[in-house]
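Below is protein-v6.cif, which holds mmCIF, C-alpha atoms and all ligand atoms.
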```
data_start
#
loop_
_atom_site.label_atom_id
_atom_site.label_comp_id
_atom_site.auth_asym_id
_atom_site.auth_seq_id
_atom_site.Cartn_x
_atom_site.Cartn_y
_atom_site.Cartn_z
CA MET A 1 73.45 69.76 84.47
CA GLN A 2 74.19 67.03 81.94
CA SER A 3 77.32 67.05 79.82
CA THR A 4 76.15 68.24 76.41
CA ALA A 5 79.38 68.46 74.42
CA GLY A 6 78.68 68.85 70.76
CA THR A 7 75.29 70.51 71.07
CA ALA A 8 74.25 74.12 70.75
CA ILE A 9 74.07 76.16 73.95
CA ARG A 10 71.11 78.53 73.85
CA SER A 11 71.24 80.08 70.38
CA LEU A 12 75.03 79.86 70.13
CA ASP A 13 76.22 77.02 67.91
CA VAL A 14 79.44 76.35 69.80
CA GLU A 15 80.57 73.49 67.56
CA ARG A 16 80.25 75.67 64.47
CA ILE A 17 82.01 78.53 66.22
CA ARG A 18 84.86 76.19 67.19
CA MET A 19 85.47 75.56 63.49
CA ASP A 20 86.28 79.29 63.11
CA PHE A 21 89.27 78.88 65.43
CA PRO A 22 91.82 76.63 63.68
CA ILE A 23 94.02 76.21 66.76
CA LEU A 24 91.20 74.43 68.59
CA GLN A 25 91.74 71.47 66.23
CA THR A 26 95.31 71.06 67.54
CA GLN A 27 96.50 67.92 69.34
CA VAL A 28 98.67 68.45 72.45
CA ASN A 29 100.57 65.49 73.89
CA GLY A 30 98.40 63.16 71.83
CA PHE A 31 95.10 64.64 73.05
CA PRO A 32 92.75 67.16 71.43
CA LEU A 33 93.62 70.57 72.91
CA VAL A 34 91.40 71.84 75.73
CA TYR A 35 92.17 75.55 75.88
CA LEU A 36 91.18 77.04 79.24
CA ASP A 37 93.68 79.91 79.42
CA ASN A 38 91.55 82.60 77.81
CA GLY A 39 92.24 85.01 80.66
CA ALA A 40 95.91 85.04 79.62
CA THR A 41 95.20 85.30 75.93
CA SER A 42 92.37 84.31 73.62
CA GLN A 43 92.54 82.36 70.37
CA LYS A 44 92.04 84.01 66.98
CA PRO A 45 89.27 83.30 64.50
CA ARG A 46 90.20 82.57 60.89
CA SER A 47 88.85 85.98 59.80
CA VAL A 48 91.51 87.71 61.94
CA LEU A 49 94.27 85.46 60.58
CA GLN A 50 93.12 86.13 57.02
CA THR A 51 92.95 89.88 57.66
CA LEU A 52 96.56 89.89 58.87
CA GLU A 53 97.70 87.91 55.84
CA ARG A 54 95.75 90.16 53.48
CA TYR A 55 97.25 93.27 55.07
CA TYR A 56 100.83 92.07 54.65
CA THR A 57 100.29 90.62 51.17
CA THR A 58 98.29 93.48 49.66
CA ILE A 59 98.57 96.86 51.45
CA ASN A 60 101.57 96.75 53.82
CA SER A 61 102.83 100.33 54.11
CA ASN A 62 103.32 103.06 56.69
CA VAL A 63 100.32 105.16 57.71
CA HIS A 64 99.67 108.93 57.64
CA ARG A 65 102.88 109.55 55.72
CA GLY A 66 102.83 108.54 52.09
CA VAL A 67 100.92 109.95 49.13
CA HIS A 68 101.25 106.63 47.38
CA HIS A 69 98.47 104.11 46.93
CA LEU A 70 99.57 101.53 49.49
CA SER A 71 100.06 104.12 52.22
CA GLN A 72 96.61 105.50 51.61
CA GLU A 73 95.06 102.01 51.68
CA ALA A 74 96.90 101.18 54.92
CA THR A 75 95.86 104.51 56.46
CA ASP A 76 92.23 103.94 55.48
CA ALA A 77 92.24 100.44 56.97
CA TYR A 78 93.98 101.63 60.16
CA GLU A 79 91.49 104.48 60.66
CA ALA A 80 88.56 102.19 59.84
CA ALA A 81 89.77 99.90 62.66
CA ARG A 82 89.77 102.89 65.01
CA ARG A 83 86.14 103.61 64.06
CA THR A 84 85.26 99.94 64.66
CA VAL A 85 86.74 100.13 68.17
CA ALA A 86 84.93 103.42 68.88
CA HIS A 87 81.65 101.84 67.77
CA PHE A 88 82.29 98.62 69.77
CA ILE A 89 82.84 100.42 73.10
CA HIS A 90 80.39 103.25 72.29
CA ALA A 91 82.97 106.04 72.42
CA ALA A 92 81.75 109.47 71.32
CA GLY A 93 84.14 109.32 68.35
CA PRO A 94 87.40 107.91 66.97
CA GLN A 95 89.39 110.82 68.44
CA GLU A 96 88.82 109.17 71.85
CA ILE A 97 90.51 105.92 70.75
CA ILE A 98 94.28 105.68 71.16
CA PHE A 99 96.04 102.61 69.88
CA THR A 100 98.56 101.28 72.39
CA ARG A 101 100.53 98.05 72.83
CA GLY A 102 97.97 96.76 75.34
CA THR A 103 96.26 97.36 78.67
CA THR A 104 99.59 97.78 80.44
CA GLU A 105 100.69 100.57 78.12
CA GLY A 106 97.30 102.31 78.32
CA ILE A 107 97.42 102.40 82.12
CA ASN A 108 101.04 103.59 82.10
CA LEU A 109 100.08 106.35 79.67
CA VAL A 110 97.32 107.65 81.95
CA ALA A 111 99.36 107.21 85.14
CA SER A 112 102.28 109.17 83.66
CA SER A 113 100.51 111.85 81.68
CA LEU A 114 97.47 112.48 83.88
CA GLY A 115 99.37 111.66 87.07
CA ARG A 116 102.10 114.24 86.45
CA SER A 117 99.59 116.97 85.67
CA ARG A 118 97.02 116.11 88.36
CA LEU A 119 98.77 114.59 91.39
CA SER A 120 100.63 116.29 94.24
CA PRO A 121 101.60 115.16 97.76
CA LYS A 122 98.14 116.04 99.07
CA ASP A 123 96.43 113.69 96.60
CA THR A 124 95.43 110.05 96.79
CA VAL A 125 95.21 107.39 94.07
CA LEU A 126 92.71 104.66 94.82
CA ILE A 127 92.94 101.10 93.49
CA THR A 128 91.48 97.80 94.73
CA ALA A 129 92.99 94.75 96.40
CA MET A 130 92.23 92.57 93.36
CA GLU A 131 94.14 94.57 90.74
CA HIS A 132 96.57 93.02 88.25
CA HIS A 133 100.15 94.24 88.70
CA SER A 134 99.57 96.38 85.57
CA ASN A 135 97.04 98.42 87.53
CA ILE A 136 99.19 98.62 90.66
CA VAL A 137 102.80 99.28 89.67
CA PRO A 138 102.25 102.28 87.31
CA TRP A 139 100.32 104.01 90.12
CA GLN A 140 103.00 103.18 92.68
CA MET A 141 105.58 104.67 90.33
CA ILE A 142 103.67 107.91 89.77
CA CYS A 143 102.88 108.20 93.50
CA GLU A 144 106.60 107.89 94.23
CA GLU A 145 107.33 110.60 91.68
CA THR A 146 104.61 113.07 92.75
CA GLY A 147 104.39 112.31 96.48
CA ALA A 148 100.73 111.23 96.16
CA ARG A 149 99.51 108.35 98.36
CA LEU A 150 98.19 105.00 97.12
CA LYS A 151 95.11 103.65 98.92
CA ILE A 152 93.48 100.27 98.51
CA ILE A 153 89.80 99.31 98.53
CA PRO A 154 89.72 95.99 100.41
CA ILE A 155 87.87 92.85 99.34
CA LEU A 156 85.72 90.37 101.24
CA ASP A 157 86.64 86.71 101.60
CA ARG A 158 84.47 85.52 98.71
CA GLY A 159 86.32 87.92 96.41
CA ASP A 160 84.01 90.86 95.95
CA LEU A 161 84.79 94.44 96.85
CA ASP A 162 84.00 95.78 100.30
CA LEU A 163 81.61 98.44 99.04
CA GLU A 164 81.16 100.04 102.47
CA ALA A 165 84.91 100.55 102.66
CA ALA A 166 84.91 101.85 99.07
CA ARG A 167 82.36 104.52 100.00
CA ARG A 168 84.40 105.52 103.05
CA VAL A 169 87.70 105.95 101.14
CA LEU A 170 85.91 107.78 98.34
CA GLU A 171 84.75 110.33 100.93
CA GLU A 172 88.44 111.21 101.33
CA LYS A 173 88.23 112.61 97.76
CA PRO A 174 90.95 110.74 95.87
CA GLY A 175 92.24 112.33 92.66
CA ILE A 176 92.08 109.13 90.59
CA LEU A 177 90.38 105.75 90.96
CA ALA A 178 91.77 102.88 88.87
CA ILE A 179 89.67 99.72 89.04
CA THR A 180 89.31 96.47 87.17
CA GLN A 181 85.88 95.59 85.83
CA VAL A 182 86.57 91.84 86.05
CA SER A 183 89.22 90.21 88.25
CA ASN A 184 91.55 88.07 86.16
CA THR A 185 92.18 85.76 89.13
CA LEU A 186 88.78 85.51 90.83
CA GLY A 187 86.43 86.27 87.97
CA THR A 188 84.57 88.80 90.14
CA ILE A 189 82.56 91.33 88.14
CA ASN A 190 82.81 94.63 89.99
CA PRO A 191 79.81 97.01 89.99
CA VAL A 192 81.93 99.64 88.24
CA LYS A 193 79.03 101.74 87.00
CA GLN A 194 77.88 102.34 90.58
CA ILE A 195 81.43 102.91 91.85
CA ILE A 196 82.18 105.36 89.02
CA ALA A 197 79.10 107.38 90.01
CA TRP A 198 80.31 107.50 93.62
CA ALA A 199 83.83 108.41 92.49
CA HIS A 200 82.55 111.23 90.31
CA GLN A 201 80.48 112.60 93.21
CA ALA A 202 83.75 112.66 95.17
CA GLY A 203 85.52 114.50 92.32
CA ALA A 204 87.79 111.61 91.20
CA LEU A 205 88.58 110.64 87.62
CA VAL A 206 88.13 106.93 86.93
CA LEU A 207 90.16 104.53 84.80
CA VAL A 208 88.61 101.11 84.14
CA ASP A 209 90.93 98.19 83.47
CA ALA A 210 88.88 96.27 80.91
CA ALA A 211 91.58 93.69 80.09
CA GLN A 212 89.25 90.87 81.16
CA SER A 213 85.82 92.44 80.80
CA ILE A 214 86.27 93.31 77.13
CA GLN A 215 86.03 89.59 76.26
CA HIS A 216 82.96 88.85 78.36
CA LEU A 217 80.97 92.04 78.94
CA HIS A 218 81.66 94.32 75.96
CA PRO A 219 81.77 97.47 78.12
CA ASP A 220 79.94 100.59 76.95
CA VAL A 221 82.05 103.59 77.99
CA GLN A 222 79.18 106.07 77.79
CA ASP A 223 76.89 103.90 79.86
CA LEU A 224 79.64 103.33 82.46
CA ASP A 225 80.61 107.02 82.24
CA CYS A 226 84.25 106.06 82.86
CA ASP A 227 86.86 108.70 82.08
CA PHE A 228 89.42 106.21 80.75
CA LEU A 229 89.27 102.54 79.82
CA ALA A 230 92.12 100.29 78.70
CA PHE A 231 92.13 96.86 77.05
CA SER A 232 94.36 94.53 75.03
CA GLY A 233 93.58 93.19 71.57
CA HIS A 234 94.93 89.73 72.31
CA LYS A 235 92.37 89.13 75.06
CA VAL A 236 89.49 89.88 72.72
CA PHE A 237 90.38 87.44 69.93
CA GLY A 238 92.71 89.91 68.18
CA PRO A 239 96.50 90.06 67.74
CA THR A 240 99.10 90.58 70.43
CA GLY A 241 100.98 93.88 70.64
CA ILE A 242 97.92 96.05 70.07
CA GLY A 243 95.59 97.59 72.61
CA VAL A 244 93.29 100.50 73.16
CA LEU A 245 93.14 103.39 75.55
CA TYR A 246 89.79 105.14 75.54
CA GLY A 247 89.63 108.56 77.16
CA LYS A 248 86.98 111.28 77.27
CA GLU A 249 88.06 113.87 74.73
CA LYS A 250 88.14 116.77 77.22
CA PHE A 251 90.59 114.93 79.49
CA LEU A 252 92.81 113.57 76.69
CA ASP A 253 92.91 117.07 75.20
CA ALA A 254 94.10 118.58 78.45
CA MET A 255 96.75 115.91 79.09
CA PRO A 256 100.37 116.41 77.98
CA PRO A 257 101.76 113.92 75.45
CA TRP A 258 103.41 110.84 76.92
CA GLN A 259 106.00 109.79 74.34
CA GLY A 260 107.60 112.06 71.76
CA GLY A 261 108.39 111.20 68.16
CA GLY A 262 106.95 111.07 64.67
CA ASP A 263 103.21 111.47 64.03
CA MET A 264 102.47 113.07 67.42
CA ILE A 265 103.71 116.51 66.33
CA ARG A 266 102.32 119.38 64.28
CA THR A 267 105.54 121.41 63.94
CA VAL A 268 109.06 120.91 65.26
CA THR A 269 111.87 123.45 65.57
CA PHE A 270 114.83 123.25 67.90
CA ASP A 271 113.15 125.94 70.00
CA LYS A 272 109.66 124.54 70.24
CA THR A 273 107.42 121.66 69.24
CA THR A 274 103.66 121.86 68.85
CA TYR A 275 101.57 118.74 69.12
CA ASN A 276 99.12 116.98 66.84
CA ASP A 277 95.38 116.67 67.48
CA LEU A 278 93.80 113.69 69.19
CA PRO A 279 94.28 110.80 68.96
CA TYR A 280 97.65 111.20 67.20
CA LYS A 281 99.09 113.28 70.06
CA PHE A 282 99.39 110.00 71.97
CA GLU A 283 100.57 107.77 69.10
CA ALA A 284 104.26 108.56 68.69
CA GLY A 285 106.15 106.51 66.10
CA THR A 286 104.98 103.88 63.64
CA PRO A 287 102.04 102.06 65.24
CA HIS A 288 101.21 98.35 65.06
CA ILE A 289 99.23 98.86 61.85
CA ALA A 290 98.50 95.21 61.13
CA GLY A 291 97.59 94.69 64.78
CA ALA A 292 95.04 97.51 64.76
CA ILE A 293 93.46 96.21 61.55
CA GLY A 294 93.44 92.68 62.99
CA LEU A 295 91.79 93.97 66.15
CA GLY A 296 89.11 95.60 64.00
CA ALA A 297 88.50 92.20 62.36
CA ALA A 298 88.25 90.53 65.79
CA LEU A 299 85.64 93.04 66.95
CA ASP A 300 83.75 92.58 63.66
CA TYR A 301 83.75 88.83 64.37
CA LEU A 302 82.39 89.40 67.88
CA GLN A 303 79.69 91.72 66.57
CA GLY A 304 78.47 88.82 64.46
CA LEU A 305 77.59 86.91 67.66
CA ASP A 306 74.63 87.68 69.88
CA PRO A 307 76.18 89.15 73.10
CA ALA A 308 73.33 87.83 75.29
CA SER A 309 73.87 84.30 73.94
CA VAL A 310 77.62 84.56 74.47
CA LEU A 311 77.07 85.64 78.05
CA ALA A 312 74.46 82.94 78.65
CA CYS A 313 76.76 80.29 77.18
CA GLU A 314 79.67 81.40 79.38
CA GLY A 315 77.36 81.51 82.41
CA GLN A 316 76.27 77.93 81.79
CA LEU A 317 79.87 76.79 81.45
CA LEU A 318 80.78 78.58 84.69
CA ALA A 319 77.88 77.00 86.59
CA TYR A 320 78.67 73.54 85.20
CA ALA A 321 82.40 73.80 85.98
CA THR A 322 81.78 75.27 89.45
CA GLY A 323 79.35 72.46 90.28
CA LYS A 324 81.64 69.67 89.06
CA LEU A 325 84.86 71.05 90.56
CA SER A 326 83.20 71.75 93.94
CA ARG A 327 82.28 68.07 94.24
CA ILE A 328 85.97 67.07 94.13
CA PRO A 329 87.06 66.41 97.75
CA GLY A 330 89.66 68.89 99.04
CA LEU A 331 89.21 71.35 96.15
CA ARG A 332 88.70 74.98 97.16
CA ILE A 333 87.52 77.63 94.72
CA TYR A 334 88.86 81.16 95.26
CA GLY A 335 86.36 83.77 94.14
CA THR A 336 82.72 82.96 94.85
CA ALA A 337 81.19 86.39 94.38
CA PRO A 338 77.60 86.37 93.10
CA GLN A 339 78.59 88.20 89.90
CA LYS A 340 81.36 86.33 88.09
CA ALA A 341 82.80 85.98 84.62
CA SER A 342 83.72 82.47 83.40
CA VAL A 343 86.96 82.26 85.39
CA ILE A 344 87.59 79.67 88.13
CA SER A 345 90.65 79.71 90.39
CA PHE A 346 91.19 76.74 92.66
CA ASN A 347 93.61 74.70 94.73
CA ILE A 348 93.40 71.11 95.87
CA GLY A 349 94.53 70.49 99.45
CA LYS A 350 98.26 71.07 99.69
CA LEU A 351 98.99 70.22 96.05
CA HIS A 352 101.13 72.86 94.37
CA PRO A 353 99.24 74.55 91.52
CA TYR A 354 102.26 74.19 89.25
CA ASP A 355 102.30 70.37 89.68
CA VAL A 356 98.59 70.21 88.90
CA GLY A 357 99.14 72.38 85.82
CA VAL A 358 101.90 70.07 84.53
CA ILE A 359 99.70 66.99 84.83
CA LEU A 360 96.83 68.77 83.11
CA ASP A 361 99.19 69.77 80.30
CA GLN A 362 100.19 66.13 79.84
CA ALA A 363 96.53 65.47 79.09
CA GLY A 364 96.37 68.34 76.57
CA ILE A 365 94.62 70.76 78.94
CA ALA A 366 95.92 74.35 79.03
CA VAL A 367 95.27 76.22 82.30
CA ARG A 368 97.19 78.97 84.06
CA THR A 369 99.03 78.34 87.31
CA GLY A 370 100.77 80.79 89.66
CA HIS A 371 99.92 84.20 91.10
CA HIS A 372 98.37 85.53 87.86
CA CYS A 373 100.15 88.88 88.35
CA THR A 374 98.06 89.47 91.47
CA GLN A 375 100.55 88.85 94.27
CA PRO A 376 98.73 91.08 96.82
CA LEU A 377 95.60 88.99 96.22
CA MET A 378 97.61 85.80 96.84
CA ASP A 379 98.86 87.37 100.10
CA PHE A 380 95.25 88.10 101.08
CA TYR A 381 94.38 84.41 100.75
CA GLY A 382 97.76 83.29 102.15
CA ILE A 383 98.57 81.10 99.14
CA PRO A 384 101.42 81.09 96.60
CA GLY A 385 99.12 80.70 93.61
CA THR A 386 96.14 78.91 92.14
CA VAL A 387 95.17 76.84 89.14
CA ARG A 388 93.00 79.01 86.91
CA ALA A 389 90.62 77.82 84.23
CA SER A 390 89.27 80.70 82.17
CA MET A 391 86.60 79.93 79.60
CA ALA A 392 85.51 81.65 76.41
CA PHE A 393 82.40 81.18 74.27
CA TYR A 394 84.17 78.52 72.17
CA ASN A 395 84.66 76.22 75.15
CA ASN A 396 82.15 73.43 75.65
CA PHE A 397 81.02 71.08 78.39
CA ASN A 398 83.41 68.45 77.09
CA ASP A 399 86.28 70.83 77.93
CA VAL A 400 85.02 71.07 81.51
CA ASP A 401 84.63 67.28 81.75
CA ARG A 402 88.21 66.83 80.52
CA LEU A 403 89.43 69.42 83.07
CA CYS A 404 87.70 67.58 85.92
CA GLN A 405 89.09 64.21 84.77
CA GLY A 406 92.55 65.80 84.62
CA VAL A 407 92.19 67.18 88.13
CA GLU A 408 91.11 63.76 89.46
CA LYS A 409 94.14 62.23 87.75
CA ALA A 410 96.45 64.89 89.26
CA ILE A 411 95.06 64.12 92.69
CA SER A 412 95.66 60.39 92.33
CA MET A 413 99.16 60.88 90.94
CA LEU A 414 100.33 63.59 93.35
CA ASN A 415 98.86 62.06 96.49
N1 LIG B 1 94.76 93.87 83.74
C1 LIG B 1 94.19 92.67 83.88
C2 LIG B 1 92.96 92.53 84.73
C3 LIG B 1 94.73 91.58 83.21
O1 LIG B 1 94.16 90.37 83.34
C4 LIG B 1 95.88 91.75 82.41
C5 LIG B 1 96.52 90.60 81.74
O2 LIG B 1 96.32 89.47 82.11
C6 LIG B 1 96.42 93.04 82.29
C7 LIG B 1 95.83 94.08 82.97
C8 LIG B 1 97.61 93.30 81.42
O3 LIG B 1 97.31 93.05 80.08
P1 LIG B 1 98.47 93.08 78.98
O4 LIG B 1 99.57 92.20 79.49
O5 LIG B 1 97.81 92.56 77.75
O6 LIG B 1 98.91 94.50 78.87
#
```
Show me this structure written as structure tokens.
Ligand code: PLP
Amino acid sequence: MQSTAGTAIRSLDVERIRMDFPILQTQVNGFPLVYLDNGATSQKPRSVLQTLERYYTTINSNVHRGVHHLSQEATDAYEAARRTVAHFIHAAGPQEIIFTRGTTEGINLVASSLGRSRLSPKDTVLITAMEHHSNIVPWQMICEETGARLKIIPILDRGDLDLEAARRVLEEKPGILAITQVSNTLGTINPVKQIIAWAHQAGALVLVDAAQSIQHLHPDVQDLDCDFLAFSGHKVFGPTGIGVLYGKEKFLDAMPPWQGGGDMIRTVTFDKTTYNDLPYKFEAGTPHIAGAIGLGAALDYLQGLDPASVLACEGQLLAYATGKLSRIPGLRIYGTAPQKASVISFNIGKLHPYDVGVILDQAGIAVRTGHHCTQPLMDFYGIPGTVRASMAFYNNFNDVDRLCQGVEKAISMLN
């Protein structure tokens, strides 16, 4: 494939889209920024930045509490954002959308609240070998507390799940399956719809970690039929500090509250407290109001782009980068599953990923280095870490060319 920086990819006008993201015009170390760390966090379009400014300059107030004008405006905007999220992921309604701080908090909420009410020493929680620490540690903690056992679905060398093994462990009827839809380290897209169907046949409830997939695949919770799904606003072009936990109403309704405080109650006496309806039962305290409204603006922005074109554009970038990087002698790509999002993890011979990352940074190229919060996955491959380039729809072929030049330079300097 030829380098085609500056031209439209399929029907997506990448160069016009790049103009919507002011940070992409930044210079780093004297070079135009090449931002390839979208798996860690994504950049924000101007519409999100303007929404945040407008919120703080015109309607800043607390929600659900005041009779005054500003409070009502803020409440309306906050609840409109909830409806936008519900629409985006195809939830049955806004009562199934709980605003959290991010994916990590959403998973902790389910592990604690559902775990305490559902798990006992005879139960098993199932996760996979490619999970982010956020989808490992909360389950370890609740297993320790309840006596339940944690079991792991193994992966194959190219970084996809061992589906035969998955079927076998599901026959042991775990209570909960928690699984990522896209691996943040390998880029693998897991066949979660199929696995959820198997898990349901086995009687398990399923939580999908959509931290990575939300950016690339726009998951549809009703199509997947997942019971819970968690994601972070900052990975889908929205603000940091805001996230979403989706849960099927019947399960959220039956779960005890997680945190106590204002807004999550109906009545409080010193003898007894009764709890609010969904989703407020799980939103104790003042929420990140601006964050939720900013997230709504980010999803509105995404809905203005054709999802098939976004996916096609990212697929072309992935194929181009995979082809170019694979031709570099000594470079090994980790994660070669047939279904992948636009994430490439690699190492070059014995070069330490950190050293490669520093040299790339000197050339204005932002990648992630290290274990990517997937230490068990690093143990599986017997490596301390990788260099990870994660691409979004605003990246172009020029970004990939610059990455490859930077890698060649790192090799010549470090060897
Ligand atoms: N799960 C996956 C797959 C991730 O990639 C991440 C973050 O990188 C998380 C969970 C945690 O997300 P956050 O730190 O936004 O809560």
Please determine, counting all atoms listed in the file, which residue among A:Ile195, A:Val236, A:Val28, A:Leu126 has the shortest atom-to-atom distance to Glu172 in chain A.
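So, comparing all the options, the nearest one is A:Leu126.
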Restricting the calculation to all atoms listed in the file, which member of A:Pro353, A:Gly260, A:Gly66, A:Gly102 is positioned closest to Gly241 in chain A?
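Of A:Pro353, A:Gly260, A:Gly66, A:Gly102, the one nearest Gly241 in chain A is A:Gly102, counting all atoms listed in the file.
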Rank nothing, just name the residue among A:Gln316, A:Thr240, A:Gln27, A:Thr51 nearest to ligand LIG 1 (chain B), using all atoms listed in the file.
A:Thr240
Close residues, range 199-209 of chain A itself excluded, 10 Å, all atoms listed in the file, min 2 positions apart in chain, as a PDB file with C-alpha atoms, in the frame of the given file:
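Dumped everything to selection38.pdb:
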```pdb
ATOM      1  CA  THR A 103      96.260  97.360  78.670  1.00  0.00           C
ATOM      2  CA  THR A 104      99.590  97.780  80.440  1.00  0.00           C
ATOM      3  CA  GLY A 106      97.300 102.310  78.320  1.00  0.00           C
ATOM      4  CA  ILE A 107      97.420 102.400  82.120  1.00  0.00           C
ATOM      5  CA  VAL A 110      97.320 107.650  81.950  1.00  0.00           C
ATOM      6  CA  ALA A 111      99.360 107.210  85.140  1.00  0.00           C
ATOM      7  CA  LEU A 114      97.470 112.480  83.880  1.00  0.00           C
ATOM      8  CA  THR A 124      95.430 110.050  96.790  1.00  0.00           C
ATOM      9  CA  VAL A 125      95.210 107.390  94.070  1.00  0.00           C
ATOM     10  CA  LEU A 126      92.710 104.660  94.820  1.00  0.00           C
ATOM     11  CA  ILE A 127      92.940 101.100  93.490  1.00  0.00           C
ATOM     12  CA  GLU A 131      94.140  94.570  90.740  1.00  0.00           C
ATOM     13  CA  HIS A 132      96.570  93.020  88.250  1.00  0.00           C
ATOM     14  CA  SER A 134      99.570  96.380  85.570  1.00  0.00           C
ATOM     15  CA  ASN A 135      97.040  98.420  87.530  1.00  0.00           C
ATOM     16  CA  ALA A 166      84.910 101.850  99.070  1.00  0.00           C
ATOM     17  CA  ARG A 167      82.360 104.520 100.000  1.00  0.00           C
ATOM     18  CA  VAL A 169      87.700 105.950 101.140  1.00  0.00           C
ATOM     19  CA  LEU A 170      85.910 107.780  98.340  1.00  0.00           C
ATOM     20  CA  GLU A 171      84.750 110.330 100.930  1.00  0.00           C
ATOM     21  CA  GLU A 172      88.440 111.210 101.330  1.00  0.00           C
ATOM     22  CA  LYS A 173      88.230 112.610  97.760  1.00  0.00           C
ATOM     23  CA  PRO A 174      90.950 110.740  95.870  1.00  0.00           C
ATOM     24  CA  GLY A 175      92.240 112.330  92.660  1.00  0.00           C
ATOM     25  CA  ILE A 176      92.080 109.130  90.590  1.00  0.00           C
ATOM     26  CA  LEU A 177      90.380 105.750  90.960  1.00  0.00           C
ATOM     27  CA  ALA A 178      91.770 102.880  88.870  1.00  0.00           C
ATOM     28  CA  ILE A 179      89.670  99.720  89.040  1.00  0.00           C
ATOM     29  CA  THR A 180      89.310  96.470  87.170  1.00  0.00           C
ATOM     30  CA  GLN A 181      85.880  95.590  85.830  1.00  0.00           C
ATOM     31  CA  VAL A 182      86.570  91.840  86.050  1.00  0.00           C
ATOM     32  CA  SER A 183      89.220  90.210  88.250  1.00  0.00           C
ATOM     33  CA  VAL A 192      81.930  99.640  88.240  1.00  0.00           C
ATOM     34  CA  LYS A 193      79.030 101.740  87.000  1.00  0.00           C
ATOM     35  CA  GLN A 194      77.880 102.340  90.580  1.00  0.00           C
ATOM     36  CA  ILE A 195      81.430 102.910  91.850  1.00  0.00           C
ATOM     37  CA  ILE A 196      82.180 105.360  89.020  1.00  0.00           C
ATOM     38  CA  ALA A 197      79.100 107.380  90.010  1.00  0.00           C
ATOM     39  CA  ALA A 211      91.580  93.690  80.090  1.00  0.00           C
ATOM     40  CA  GLN A 212      89.250  90.870  81.160  1.00  0.00           C
ATOM     41  CA  SER A 213      85.820  92.440  80.800  1.00  0.00           C
ATOM     42  CA  ILE A 214      86.270  93.310  77.130  1.00  0.00           C
ATOM     43  CA  PRO A 219      81.770  97.470  78.120  1.00  0.00           C
ATOM     44  CA  VAL A 221      82.050 103.590  77.990  1.00  0.00           C
ATOM     45  CA  LEU A 224      79.640 103.330  82.460  1.00  0.00           C
ATOM     46  CA  ASP A 225      80.610 107.020  82.240  1.00  0.00           C
ATOM     47  CA  CYS A 226      84.250 106.060  82.860  1.00  0.00           C
ATOM     48  CA  ASP A 227      86.860 108.700  82.080  1.00  0.00           C
ATOM     49  CA  PHE A 228      89.420 106.210  80.750  1.00  0.00           C
ATOM     50  CA  LEU A 229      89.270 102.540  79.820  1.00  0.00           C
ATOM     51  CA  ALA A 230      92.120 100.290  78.700  1.00  0.00           C
ATOM     52  CA  PHE A 231      92.130  96.860  77.050  1.00  0.00           C
ATOM     53  CA  SER A 232      94.360  94.530  75.030  1.00  0.00           C
ATOM     54  CA  LEU A 245      93.140 103.390  75.550  1.00  0.00           C
ATOM     55  CA  TYR A 246      89.790 105.140  75.540  1.00  0.00           C
ATOM     56  CA  GLY A 247      89.630 108.560  77.160  1.00  0.00           C
ATOM     57  CA  PHE A 251      90.590 114.930  79.490  1.00  0.00           C
TER      58      PHE A 251
END
```
For Arg402 in chain A, which residue among A:His352, A:Arg118, A:Lys324, A:Arg388 is the nearest when counting all atoms listed in the file?
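Ranked by minimum distance to Arg402 in chain A, first place goes to A:Lys324.
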Would you please work out which residue, of A:Leu36, A:Leu217, A:Ala91, A:Leu414, is nearest to Gly315 in chain A when using only C-alpha atoms?
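Using only C-alpha atoms, Gly315 in chain A sits closest to A:Leu217.
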Which residues come within 8 Å of Pro121 in chain A, counting all atoms listed in the file, excluding same-chain residues fewer than 2 positions away, as a compact mmCIF listing (two decimals) with C-alpha atoms, in the frame of the given file?
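Output file around.txt follows:
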```txt
# COMPACT_ATOMS: atom_id res chain seq x y z
CA LEU A 119 98.77 114.59 91.39
CA ASP A 123 96.43 113.69 96.60
CA THR A 146 104.61 113.07 92.75
CA GLY A 147 104.39 112.31 96.48
CA ALA A 148 100.73 111.23 96.16
CA ARG A 149 99.51 108.35 98.36
```
Record the distance separating CA of Ser326 in chain A and CA of Arg368 in chain A, expressed in Å with one decimal.
18.6 Å
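As for CA of Ser113 in chain A and CA of Arg65 in chain A, they are spaced 26.2 Å apart.
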I'd like to know which of A:Leu12, A:Val244, A:Trp258, A:Phe88 is closest to Gly115 in chain A, using only C-alpha atoms.
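For Gly115 in chain A, the nearest of the given residues is A:Trp258.
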Contacts of range 255-312 of chain A with range 335-350 of chain A up to 12 Å, shortest pair per row, only C-alpha atoms, as CSV:
```
residue,atom,partner,partner_atom,distance
A:Val310,CA,A:Ser342,CA,11.0
A:Leu311,CA,A:Ala341,CA,8.7
A:Ala312,CA,A:Ser342,CA,10.4
```
Which neighbours of Lys250 in chain A fall inside 12 Å, counting all atoms listed in the file, when residues of the same chain fewer than 6 positions from it are skipped, and could you give them as an MDAnalysis selection string?
chainID A and resid 92 95:96 227:228 278:279
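We find CA of Ala254 in chain A and CA of Trp139 in chain A to be spaced 19.7 Å apart.
Neighbours of Glu79 in chain A closer than or equal to 10 Å, with only C-alpha atoms counted and sequence neighbours fewer than 2 positions away skipped, come out as Val63, His64, Glu73, Ala74, Thr75, Asp76, Ala77, Ala81, Arg82, Arg83, Thr84, Val85, Pro94, Ile289, Ala292, Ile293 and Gly296 of chain A.
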